[in-house]
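Participant: Sending over data_34.txt (compact mmCIF, C-alpha atoms).
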```txt
# COMPACT_ATOMS: atom_id res chain seq x y z
CA MET T 1 10.74 -47.54 8.76
CA ASN T 2 9.48 -46.16 12.05
CA LYS T 3 12.96 -45.23 13.12
CA ASP T 4 13.44 -43.46 9.82
CA ILE T 5 10.35 -41.30 10.38
CA THR T 6 11.46 -40.43 13.92
CA LEU T 7 14.85 -39.40 12.57
CA ARG T 8 13.21 -37.21 9.90
CA VAL T 9 11.03 -35.47 12.48
CA ALA T 10 14.08 -34.89 14.69
CA PHE T 11 15.98 -33.55 11.66
CA PHE T 12 13.06 -31.18 10.89
CA PHE T 13 13.01 -29.62 14.37
CA GLY T 14 16.78 -29.81 14.68
CA MET T 15 17.16 -27.76 11.50
CA ILE T 16 14.74 -25.09 12.77
CA PHE T 17 16.55 -24.77 16.10
CA LEU T 18 20.01 -24.77 14.53
CA GLN T 19 18.95 -22.13 12.00
CA VAL T 20 17.46 -19.84 14.67
CA LEU T 21 20.06 -20.34 17.37
CA LEU T 22 23.25 -20.93 15.42
CA PHE T 23 23.27 -20.20 11.68
CA SER T 24 21.39 -16.88 11.96
CA LYS T 25 24.07 -15.63 14.34
CA MET T 26 26.88 -16.65 11.99
CA SER T 27 26.49 -13.61 9.76
CA ILE T 28 29.58 -12.34 7.96
CA GLN T 29 29.25 -8.69 6.90
CA GLY T 30 25.48 -9.04 7.31
CA TYR T 31 25.23 -12.09 5.03
CA VAL T 32 23.42 -14.94 6.78
CA PRO T 33 23.50 -18.61 5.66
CA PHE T 34 20.10 -20.33 5.47
CA VAL T 35 21.26 -23.88 6.08
CA TYR T 36 17.78 -25.23 6.87
CA VAL T 37 17.31 -25.92 3.12
CA LEU T 38 19.49 -28.98 3.77
CA PHE T 39 16.33 -30.67 5.08
CA ILE T 40 14.66 -30.25 1.70
CA LEU T 41 17.82 -31.23 -0.20
CA ARG T 42 18.26 -34.44 1.81
CA PHE T 43 14.61 -35.54 1.87
CA PRO T 44 14.44 -39.18 0.68
CA ILE T 45 13.42 -39.52 -2.96
CA ARG T 46 11.22 -42.59 -2.38
CA TYR T 47 8.73 -40.53 -0.33
CA ASN T 48 5.69 -38.81 -1.78
CA LYS T 49 6.46 -35.54 -3.62
CA SER T 50 3.36 -33.79 -2.31
CA LEU T 51 4.45 -34.65 1.22
CA LEU T 52 7.76 -32.87 0.66
CA VAL T 53 6.01 -29.77 -0.72
CA PHE T 54 3.76 -29.63 2.33
CA ILE T 55 6.53 -30.27 4.89
CA SER T 56 8.74 -27.65 3.23
CA PHE T 57 5.91 -25.14 3.55
CA LEU T 58 5.65 -25.93 7.27
CA LEU T 59 9.43 -25.64 7.67
CA GLY T 60 9.50 -22.25 5.97
CA LEU T 61 6.49 -20.98 7.89
CA SER T 62 8.06 -21.98 11.23
CA LEU T 63 11.12 -19.90 10.37
CA ASP T 64 8.91 -17.00 9.29
CA PHE T 65 7.44 -16.96 12.78
CA PHE T 66 10.92 -16.65 14.24
CA PHE T 67 12.15 -14.01 11.80
CA ASN T 68 8.92 -11.92 11.68
CA SER T 69 9.09 -12.15 7.91
CA GLY T 70 5.52 -12.91 6.80
CA GLY T 71 5.70 -15.79 4.33
CA VAL T 72 9.00 -15.34 2.53
CA HIS T 73 10.72 -18.48 3.84
CA ALA T 74 7.53 -20.49 3.27
CA ALA T 75 7.31 -19.31 -0.35
CA ALA T 76 10.98 -19.99 -1.12
CA SER T 77 10.95 -23.43 0.55
CA THR T 78 7.72 -24.51 -1.14
CA PHE T 79 9.11 -23.47 -4.51
CA ILE T 80 12.36 -25.40 -4.25
CA ALA T 81 10.51 -28.45 -2.89
CA PHE T 82 8.37 -28.35 -6.03
CA MET T 83 11.38 -27.81 -8.30
CA ARG T 84 13.48 -30.53 -6.71
CA PRO T 85 12.69 -33.38 -9.19
CA GLN T 86 13.87 -31.16 -12.06
CA ALA T 87 17.09 -30.31 -10.22
CA LEU T 88 17.67 -33.99 -9.45
CA ARG T 89 17.18 -34.94 -13.10
CA PHE T 90 19.50 -32.19 -14.23
CA SER T 91 22.29 -33.07 -11.81
CA PHE T 92 22.16 -36.86 -11.63
CA GLY T 93 20.72 -37.85 -14.99
CA ARG T 94 17.32 -39.04 -16.14
CA ASN T 95 17.08 -42.28 -14.20
CA TYR T 96 17.87 -40.99 -10.74
CA GLU T 97 14.61 -42.42 -9.47
CA TYR T 98 15.68 -46.01 -10.11
CA GLN T 99 18.91 -45.73 -8.23
CA SER T 100 18.78 -45.52 -4.49
CA LEU T 101 20.36 -42.13 -4.63
CA LYS T 102 22.31 -40.92 -1.62
CA LEU T 103 23.79 -37.46 -1.52
CA THR T 104 26.85 -38.75 0.28
CA LYS T 105 27.62 -41.34 -2.42
CA VAL T 106 27.40 -39.37 -5.65
CA SER T 107 30.31 -37.57 -7.25
CA GLN T 108 31.34 -34.25 -5.81
CA SER T 109 30.63 -32.23 -8.97
CA SER T 110 27.03 -33.40 -9.43
CA ARG T 111 26.42 -32.90 -5.73
CA ILE T 112 27.67 -29.31 -5.95
CA ALA T 113 25.50 -28.72 -9.02
CA TYR T 114 22.39 -30.07 -7.28
CA ILE T 115 22.92 -28.05 -4.09
CA SER T 116 23.88 -24.87 -5.91
CA ILE T 117 20.83 -24.85 -8.18
CA LEU T 118 18.32 -25.25 -5.38
CA VAL T 119 20.06 -22.97 -2.88
CA PHE T 120 20.40 -20.25 -5.48
CA ILE T 121 16.71 -20.43 -6.49
CA HIS T 122 15.73 -20.45 -2.81
CA HIS T 123 17.80 -17.38 -1.97
CA PHE T 124 16.64 -15.58 -5.09
CA ILE T 125 12.97 -15.86 -4.10
CA LEU T 126 13.74 -15.28 -0.44
CA PHE T 127 15.61 -12.00 -0.81
CA PHE T 128 13.35 -10.57 -3.51
CA LEU T 129 10.26 -11.18 -1.41
CA GLU T 130 11.98 -9.98 1.75
CA THR T 131 13.12 -6.65 0.30
CA PHE T 132 10.02 -6.28 -1.93
CA ASN T 133 11.37 -3.05 -3.33
CA PHE T 134 13.19 -2.44 -6.59
CA ASN T 135 15.02 0.56 -5.12
CA PHE T 136 17.33 -1.85 -3.33
CA ILE T 137 17.97 -4.14 -6.30
CA LEU T 138 21.76 -3.97 -6.01
CA PHE T 139 21.62 -4.76 -2.32
CA THR T 140 19.26 -7.66 -3.05
CA LEU T 141 21.44 -9.13 -5.78
CA LYS T 142 24.54 -8.85 -3.60
CA SER T 143 22.75 -10.55 -0.70
CA ILE T 144 21.55 -13.34 -3.01
CA LEU T 145 25.05 -13.99 -4.33
CA PHE T 146 27.01 -13.89 -1.09
CA SER T 147 24.40 -15.61 1.08
CA SER T 148 24.05 -18.38 -1.53
CA ILE T 149 27.80 -18.98 -1.59
CA TYR T 150 27.87 -19.04 2.19
CA THR T 151 24.92 -21.46 2.43
CA ILE T 152 26.32 -23.78 -0.28
CA PHE T 153 29.67 -23.86 1.50
CA ILE T 154 28.15 -24.81 4.87
CA CYS T 155 25.80 -27.39 3.29
CA LEU T 156 28.72 -29.11 1.54
CA LEU T 157 30.72 -29.00 4.75
CA LEU T 158 27.90 -30.62 6.74
CA ILE T 159 27.26 -33.31 4.11
CA ASN T 160 30.94 -34.21 3.97
CA LEU T 161 31.19 -34.14 7.74
CA PHE T 162 28.43 -36.72 8.25
CA LYS T 163 29.50 -38.85 5.31
CA ASN T 164 31.11 -41.94 6.80
CA ARG T 165 28.77 -42.48 9.67
CA LYS T 166 27.08 -45.63 8.42
CA GLU T 167 29.77 -47.08 6.25
CA MET Y 168 -16.49 -35.53 -14.95
CA GLN Y 169 -14.36 -38.57 -14.29
CA GLN Y 170 -11.73 -37.19 -16.60
CA VAL Y 171 -11.66 -33.93 -14.68
CA ILE Y 172 -11.24 -35.75 -11.39
CA SER Y 173 -8.53 -38.03 -12.71
CA TYR Y 174 -6.77 -34.98 -14.15
CA LEU Y 175 -6.93 -33.25 -10.78
CA ILE Y 176 -5.53 -36.34 -9.05
CA LYS Y 177 -2.74 -36.54 -11.59
CA LYS Y 178 -1.87 -32.88 -11.02
CA LYS Y 179 -2.34 -32.92 -7.23
CA ASN Y 180 1.30 -32.05 -6.64
CA LEU Y 181 1.03 -28.91 -8.77
CA LEU Y 182 -2.28 -27.92 -7.16
CA LEU Y 183 -0.90 -28.34 -3.65
CA PHE Y 184 2.13 -26.30 -4.65
CA LEU Y 185 0.02 -23.50 -6.10
CA LEU Y 186 -2.23 -23.42 -3.03
CA LEU Y 187 0.69 -23.18 -0.59
CA MET Y 188 2.43 -20.63 -2.78
CA VAL Y 189 -0.66 -18.39 -2.78
CA VAL Y 190 -0.89 -18.68 1.01
CA SER Y 191 2.76 -17.76 1.55
CA LEU Y 192 2.68 -14.90 -0.95
CA GLY Y 193 -0.44 -13.59 0.78
CA LEU Y 194 1.37 -13.64 4.11
CA THR Y 195 4.37 -11.91 2.53
CA ILE Y 196 2.28 -9.10 1.09
CA GLN Y 197 0.46 -8.70 4.39
CA SER Y 198 3.81 -8.42 6.20
CA HIS Y 199 4.93 -5.62 3.91
CA SER Y 200 1.85 -3.48 4.44
CA TYR Y 201 2.35 -1.22 7.41
CA HIS Y 202 0.11 -1.26 10.46
CA LYS Y 203 -1.98 -4.33 10.07
CA SER Y 204 -2.46 -7.02 12.61
CA LYS Y 205 -0.13 -9.66 11.33
CA PHE Y 206 -0.69 -13.35 11.70
CA VAL Y 207 2.94 -14.43 11.43
CA ASN Y 208 4.98 -12.74 14.15
CA ALA Y 209 7.35 -13.69 16.93
CA ALA Y 210 5.20 -12.26 19.76
CA ASN Y 211 3.88 -15.71 20.69
CA ASN Y 212 4.97 -17.92 23.56
CA VAL Y 213 6.85 -20.51 21.49
CA THR Y 214 9.19 -18.23 19.55
CA GLY Y 215 9.40 -15.61 22.30
CA GLY Y 216 10.15 -18.29 24.88
CA LEU Y 217 12.98 -19.73 22.82
CA TYR Y 218 14.45 -16.28 22.18
CA GLU Y 219 14.25 -15.40 25.86
CA TYR Y 220 15.88 -18.67 26.85
CA THR Y 221 18.83 -18.22 24.51
CA ASN Y 222 19.11 -14.55 25.45
CA HIS Y 223 20.30 -15.59 28.91
CA ILE Y 224 23.63 -16.63 27.41
CA ASN Y 225 23.99 -13.38 25.54
CA GLU Y 226 23.08 -11.43 28.64
CA PHE Y 227 25.69 -13.20 30.70
CA ILE Y 228 28.39 -12.21 28.23
CA HIS Y 229 27.34 -8.55 28.20
CA LEU Y 230 26.72 -8.26 31.94
CA ASP Y 231 29.63 -5.86 32.56
CA GLU Y 232 28.51 -3.56 29.79
CA TYR Y 233 24.89 -3.44 31.00
CA ASN Y 234 26.04 -2.69 34.54
CA GLU Y 235 28.17 0.16 33.32
CA ARG Y 236 25.26 1.61 31.34
CA LEU Y 237 23.01 1.42 34.40
CA LEU Y 238 25.65 3.16 36.53
CA LYS Y 239 25.91 5.96 34.00
CA GLU Y 240 22.15 6.34 33.85
CA ASN Y 241 21.96 6.38 37.65
CA ALA Y 242 24.61 9.05 37.84
CA LYS Y 243 22.79 11.17 35.27
CA LEU Y 244 19.46 10.80 37.05
CA ARG Y 245 21.01 11.61 40.44
CA LYS Y 246 22.51 14.74 39.00
CA GLU Y 247 19.16 15.82 37.56
CA LEU Y 248 17.41 14.99 40.82
CA SER Y 249 19.80 17.10 42.87
CA ASN Y 250 19.15 20.09 40.61
CA TYR Y 251 15.45 19.47 40.80
CA SER Y 252 15.13 19.33 44.57
CA PHE Y 253 16.92 22.65 44.96
CA HIS Y 254 14.62 24.56 42.69
CA GLU Y 255 11.22 22.95 43.05
CA ALA Y 256 9.01 22.52 46.06
CA SER Y 257 9.52 18.84 46.80
CA ASP Y 258 6.18 18.22 48.51
CA PHE Y 259 4.28 19.20 45.37
CA PRO Y 260 2.94 15.95 43.83
CA VAL Y 261 4.09 15.55 40.24
CA ASP Y 262 1.77 13.59 37.99
CA THR Y 263 3.53 12.64 34.78
CA PRO Y 264 1.40 11.68 31.80
CA TYR Y 265 3.77 8.84 30.89
CA ASP Y 266 4.53 5.48 32.49
CA LEU Y 267 7.66 3.51 31.67
CA ILE Y 268 7.58 -0.27 31.39
CA PRO Y 269 11.10 -1.73 31.58
CA ALA Y 270 11.72 -4.59 29.17
CA LYS Y 271 14.53 -6.66 27.74
CA LEU Y 272 15.27 -6.94 24.04
CA ILE Y 273 15.42 -10.68 23.36
CA HIS Y 274 15.81 -10.66 19.59
CA ASN Y 275 17.61 -7.96 17.67
CA SER Y 276 17.67 -7.50 13.89
CA PHE Y 277 19.47 -4.84 11.88
CA ASP Y 278 20.79 -6.42 8.69
CA LYS Y 279 17.52 -6.32 6.71
CA LYS Y 280 15.57 -3.45 5.19
CA GLU Y 281 12.57 -4.12 7.40
CA ASN Y 282 13.88 -4.83 10.86
CA ILE Y 283 11.58 -6.07 13.60
CA LEU Y 284 12.73 -6.68 17.19
CA VAL Y 285 11.21 -8.78 20.00
CA ILE Y 286 10.93 -7.73 23.67
CA ASN Y 287 9.93 -9.83 26.68
CA ARG Y 288 6.89 -7.80 27.78
CA GLY Y 289 3.38 -8.21 26.41
CA ALA Y 290 -0.28 -7.45 26.99
CA LYS Y 291 -0.03 -8.95 30.49
CA HIS Y 292 2.39 -6.19 31.48
CA GLY Y 293 0.35 -3.40 29.91
CA VAL Y 294 2.05 -3.16 26.52
CA ALA Y 295 -0.23 -2.18 23.61
CA PRO Y 296 0.38 -1.47 19.89
CA ASP Y 297 1.76 1.97 18.92
CA MET Y 298 3.62 2.59 22.15
CA GLY Y 299 7.11 4.07 21.88
CA VAL Y 300 10.24 2.11 22.79
CA ILE Y 301 13.42 3.90 23.97
CA THR Y 302 16.72 3.26 25.72
CA THR Y 303 18.71 5.65 27.89
CA ASN Y 304 20.42 6.88 24.72
CA GLY Y 305 17.39 7.46 22.54
CA VAL Y 306 14.63 6.14 20.33
CA VAL Y 307 14.48 2.46 19.33
CA GLY Y 308 11.09 2.00 17.66
CA ILE Y 309 7.34 1.55 18.03
CA ILE Y 310 5.41 -1.49 19.32
CA GLU Y 311 3.82 -3.40 16.46
CA SER Y 312 2.21 -6.72 17.48
CA VAL Y 313 1.49 -7.67 21.07
CA GLY Y 314 1.24 -11.20 22.43
CA GLU Y 315 0.46 -12.25 25.98
CA ASN Y 316 4.05 -12.21 27.22
CA TYR Y 317 6.04 -10.86 24.26
CA SER Y 318 5.78 -8.03 21.74
CA THR Y 319 7.39 -7.12 18.45
CA VAL Y 320 8.88 -3.68 17.86
CA LEU Y 321 9.05 -1.90 14.51
CA SER Y 322 12.62 -0.60 14.60
CA ILE Y 323 13.54 2.88 13.39
CA LEU Y 324 15.69 0.85 10.98
CA HIS Y 325 12.58 -0.14 8.99
CA THR Y 326 11.99 1.50 5.62
CA GLU Y 327 8.28 2.01 6.44
CA SER Y 328 8.92 3.51 9.87
CA ARG Y 329 8.00 7.18 10.41
CA VAL Y 330 8.56 9.05 13.68
CA ASN Y 331 7.75 12.70 14.29
CA ALA Y 332 10.96 14.55 15.22
CA GLN Y 333 12.17 18.11 15.61
CA LEU Y 334 15.20 20.31 16.12
CA LYS Y 335 16.11 20.67 19.78
CA LYS Y 336 16.83 24.40 19.65
CA THR Y 337 13.77 25.44 17.60
CA ASN Y 338 10.40 23.81 17.06
CA HIS Y 339 10.70 22.93 13.36
CA ILE Y 340 9.21 19.48 12.93
CA GLY Y 341 9.83 16.79 10.34
CA SER Y 342 9.56 13.05 10.04
CA LEU Y 343 12.26 10.57 10.79
CA VAL Y 344 12.68 7.86 8.13
CA TRP Y 345 15.34 5.35 7.12
CA ASN Y 346 16.69 4.96 3.59
CA GLY Y 347 18.00 1.46 4.28
CA LYS Y 348 21.65 2.22 3.68
CA SER Y 349 23.57 2.47 6.95
CA ILE Y 350 22.47 1.19 10.36
CA TYR Y 351 24.15 4.16 12.05
CA LYS Y 352 22.34 6.83 10.02
CA VAL Y 353 18.66 7.77 9.77
CA GLN Y 354 17.12 10.58 7.73
CA LEU Y 355 14.95 13.54 8.65
CA GLU Y 356 12.50 14.80 6.01
CA ASP Y 357 10.14 17.76 5.66
CA ILE Y 358 12.13 20.31 7.64
CA THR Y 359 11.46 23.65 5.92
CA LYS Y 360 14.34 25.65 4.49
CA VAL Y 361 13.83 28.52 6.95
CA ALA Y 362 14.95 26.29 9.83
CA PRO Y 363 18.39 27.36 11.10
CA ILE Y 364 19.94 23.94 10.78
CA GLN Y 365 23.63 23.22 11.26
CA VAL Y 366 25.89 20.22 11.51
CA ASN Y 367 26.06 18.82 15.07
CA ASP Y 368 22.58 20.08 15.97
CA THR Y 369 20.67 17.67 18.19
CA ILE Y 370 17.44 16.11 16.92
CA VAL Y 371 14.78 15.03 19.44
CA THR Y 372 11.31 13.51 19.16
CA GLY Y 373 8.51 15.96 18.41
CA ASN Y 374 5.26 16.81 20.07
CA TYR Y 375 2.99 14.89 17.71
CA SER Y 376 4.44 11.42 18.12
CA VAL Y 377 3.90 8.42 20.36
CA PHE Y 378 7.02 9.52 22.23
CA PRO Y 379 7.11 12.30 24.82
CA GLN Y 380 8.60 15.47 23.39
CA GLY Y 381 12.36 15.77 23.70
CA ILE Y 382 13.62 12.16 23.65
CA ASP Y 383 17.06 12.11 22.01
CA VAL Y 384 17.40 10.76 18.48
CA GLY Y 385 20.82 11.81 17.19
CA ILE Y 386 22.94 14.62 15.79
CA VAL Y 387 22.93 16.17 12.33
CA ILE Y 388 25.93 15.13 10.24
CA ASN Y 389 24.84 16.41 6.84
CA ALA Y 390 22.06 18.81 5.73
CA GLN Y 391 21.22 19.68 2.12
CA LEU Y 392 18.22 21.22 0.38
CA ASP Y 393 16.31 18.77 -1.81
CA GLN Y 394 15.51 19.29 -5.54
CA THR Y 395 12.51 21.53 -4.94
CA GLU Y 396 14.67 23.65 -2.58
CA ASN Y 397 11.85 23.92 -0.07
CA PHE Y 398 12.84 21.23 2.36
CA TYR Y 399 16.04 19.91 3.86
CA LYS Y 400 17.33 16.38 3.44
CA ILE Y 401 19.18 15.65 6.65
CA ASP Y 402 21.38 12.71 7.65
CA ILE Y 403 21.39 11.97 11.37
CA ALA Y 404 23.86 9.84 13.33
CA THR Y 405 21.79 8.02 15.96
CA PHE Y 406 22.84 8.08 19.61
CA ASN Y 407 21.74 4.46 19.92
CA ASP Y 408 23.95 1.77 18.47
CA MET Y 409 21.09 -0.28 17.00
CA SER Y 410 23.26 -3.41 16.86
CA ASN Y 411 23.79 -3.31 20.63
CA ILE Y 412 20.67 -2.45 22.61
CA GLY Y 413 20.04 -4.69 25.64
CA TYR Y 414 17.43 -3.19 27.94
CA VAL Y 415 14.67 -0.82 26.81
CA TYR Y 416 11.71 1.12 28.20
CA VAL Y 417 8.22 1.00 26.72
CA ILE Y 418 6.44 4.35 27.01
CA LYS Y 419 2.82 4.17 28.06
CA ASN Y 420 0.97 7.41 27.41
CA LYS Y 421 -1.75 7.65 30.06
CA ALA Y 422 -3.44 10.58 28.34
CA LYS Y 423 -3.61 8.86 24.96
CA LYS Y 424 -7.11 7.45 25.38
CA GLU Y 425 -8.51 10.81 26.41
CA VAL Y 426 -6.82 12.62 23.54
CA GLU Y 427 -8.15 10.06 21.06
CA GLN Y 428 -11.66 10.38 22.45
CA LEU Y 429 -11.49 14.16 22.14
CA LEU Y 430 -10.20 13.88 18.57
CA ASN Y 431 -12.95 11.43 17.63
CA LYS Y 432 -15.54 13.67 19.23
CA SER Y 433 -14.42 16.75 17.36
CA ALA Y 434 -14.18 14.73 14.12
CA ASN Y 435 -17.79 13.62 14.51
CA GLU Y 436 -19.15 17.09 15.11
```
Please express the file's structure as structure tokens.
Facilitator:
Amino acid sequence: MNKDITLRVAFFFGMIFLQVLLFSKMSIQGYVPFVYVLFILRFPIRYNKSLLVFISFLLGLSLDFFFNSGGVHAAASTFIAFMRPQALRFSFGRNYEYQSLKLTKVSQSSRIAYISILVFIHHFILFFLETFNFNFILFTLKSILFSSIYTIFICLLLINLFKNRKE
Amino acid sequence: MQQVISYLIKKKNLLLFLLLMVVSLGLTIQSHSYHKSKFVNAANNVTGGLYEYTNHINEFIHLDEYNERLLKENAKLRKELSNYSFHEASDFPVDTPYDLIPAKLIHNSFDKKENILVINRGAKHGVAPDMGVITTNGVVGIIESVGENYSTVLSILHTESRVNAQLKKTNHIGSLVWNGKSIYKVQLEDITKVAPIQVNDTIVTGNYSVFPQGIDVGIVINAQLDQTENFYKIDIATFNDMSNIGYVYVIKNKAKKEVEQLLNKSANE
């Protein structure tokens, strides 16, 4: 249990550093992947839901400090943390809570559905709050689409990469 | 009463969510309003320190390029100095109203609509809000928030940024803005239609800005009258490549305090 918490804390700070130092510099045509949402996606289901909402807020706020962006990452992260149970139910069926669900063990299609829903909602809120201007609506929609695809791709890659570690 | 409390406990997840959402939306709105002291910025020691640390790698890669730029600047300055010493009495003490604080850009940003940069000089080195930031090539932006060792810069590539600018050959002034479309082009507004403007004219900073008069901005690539046909809408190609900046100078206006005091005094009378 203690080791699990240490690992989570390390994952939290690791995601912030990787996002700032690595993923933010991996922009293609100005589209940046926001891979730190993987922390929220992979948060264990057995933990308290309020805890996840609060930790996601802290995660988003930390990134806002780095990106000088006010509270846009905090808002987007808090929202998907709150919406996560609904996304889980939609992707893995009603009784996901009774199974010890692991993202690495479910079928590929439901995993893609789960990640896509949350990443898309996250990026939607993020880019609308960041631009905050309806004059740039086309730019915003384009950023949402391409950045989401990029983020989903990298998240799937990372999940598949670290799949067989414990088996 | 008990029912209310038990209801609140049942809905604690929703309440926590709403509270945090209000906080983050508040911070977002604050960040979009221009010229306010912002709580969330990268001018603190933790974020600035990390950016500075990782910037060493970047700097190492671009070392050749920075050296070449410095050589060019040296050559230009030497040339100007040689002209100067011929014509002016050299023992006459020159007191310039501006000080330059050299700084390094440790975090660049140009792919958003509201771009904010971070430099590695702060209040300790004499940086204060509203100072101008330039490179050898031209204008970069204006200091926004200042921490002890780091500061954030409001880039000219920020849709809320406004800098006073003018034509180099005449004194027609306008304001420099950015429409958010291309990182190589900024726009000049409010130049009257009587101004003799042509493509390839040079635009420099004006007299009424935080910058000294005559700092390069860019050249005119397209000038058209707007709908009212009273003012020009001008596209300018910047001399600075905003995606590749490196070292900058912060301009400290020594006379600023005095001018402000005089303005306040005359406003009160």
Participant: Go through Y:Gly413, Y:Leu284, Y:Gln394, Y:Asp357 one by one, measure the shortest atom-to-atom distance of each to Asn234 in chain Y using only C-alpha atoms, and give the residue with the smallest value.
Facilitator: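 Counting only C-alpha atoms, the residue closest to Asn234 in chain Y is Y:Gly413.
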Participant: Hey, list the chain Y side of the contact with chain T: 6 Å cut-off, all atoms listed in the file, answer as a list in words.
Facilitator: Asn180, Met188, Ser191, Leu194, Thr195, Ser198, Val207, Asn208, Ala209, Thr214 and Asp278 of chain Y
Participant: With only C-alpha atoms as the atoms that count, which of T:Met26, T:Val9, T:Ile115, T:Ile152 lies nearest to Leu41 in chain T?
Facilitator: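 Among T:Met26, T:Val9, T:Ile115, T:Ile152, it is T:Ile115 that comes nearest to Leu41 in chain T.
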Participant: Give the answer as one residue: which of Y:Val387, Y:Ile309, Y:Val415, Y:Val344 has the shortest atom-to-atom distance to Pro269 in chain Y, using all atoms listed in the file?
Facilitator: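 Looking only at the distances to Pro269 in chain Y, the closest residue turns out to be Y:Val415.
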Participant: For Glu281 in chain Y, find every residue with an atom within 9 Å (counting all atoms listed in the file), except residues of its own chain fewer than 6 positions away, and show them as a ChimeraX atom specification.
Facilitator: /T:69,130-131 /Y:199,321-322,324-328,347
Participant: Measure the distance from CA of Ala290 in chain Y to CA of Thr405 in chain Y in Å and round it to one decimal.
Facilitator: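 So the two atoms, CA of Ala290 in chain Y and CA of Thr405 in chain Y, lie 29.1 Å apart.
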Participant: What does the distance from CA of Tyr150 in chain T to CA of Tyr36 in chain T come to in Å, to one decimal?
Facilitator: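 Straight-line distance from CA of Tyr150 in chain T to CA of Tyr36 in chain T works out to 12.7 Å.
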Participant: So what do you get for CA of Lys239 in chain Y versus CA of Asp266 in chain Y, distance-wise?
Facilitator: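 Taking CA of Lys239 in chain Y and CA of Asp266 in chain Y, their separation equals 21.4 Å.
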Participant: Give me the residues within 10 Å of Gln380 in chain Y as a list in words, counting only C-alpha atoms and dropping any in the same chain fewer than 6 places off.
Facilitator: Asn331, Ala332, Gln333, Lys335, Val371, Thr372, Gly373 and Asn374 of chain Y
Participant: If we count all atoms listed in the file and set the cut-off at 9 Å, which residues sit around range 418-420 of chain Y, ignoring sequence neighbours fewer than 4 positions away in its own chain? Please answer as a CSV table (one decimal) with C-alpha atoms, keeping the file's coordinate frame.
Facilitator:
```
chain,number,residue,atom,x,y,z
Y,264,PRO,CA,1.4,11.7,31.8
Y,265,TYR,CA,3.8,8.8,30.9
Y,266,ASP,CA,4.5,5.5,32.5
Y,267,LEU,CA,7.7,3.5,31.7
Y,268,ILE,CA,7.6,-0.3,31.4
Y,269,PRO,CA,11.1,-1.7,31.6
Y,293,GLY,CA,0.4,-3.4,29.9
Y,294,VAL,CA,2.0,-3.2,26.5
Y,295,ALA,CA,-0.2,-2.2,23.6
Y,298,MET,CA,3.6,2.6,22.2
Y,299,GLY,CA,7.1,4.1,21.9
Y,300,VAL,CA,10.2,2.1,22.8
Y,301,ILE,CA,13.4,3.9,24.0
Y,377,VAL,CA,3.9,8.4,20.4
Y,378,PHE,CA,7.0,9.5,22.2
Y,379,PRO,CA,7.1,12.3,24.8
Y,424,LYS,CA,-7.1,7.4,25.4
```
Participant: Give me, as a list in words, all polymer residues having an atom no more than 7 Å from Ser312 in chain Y, counting all atoms listed in the file and skipping those fewer than 2 positions away in the same chain.
Facilitator: Ser204, Ala210, Pro296, Ile310, Gly314, Ser318 and Thr319 of chain Y
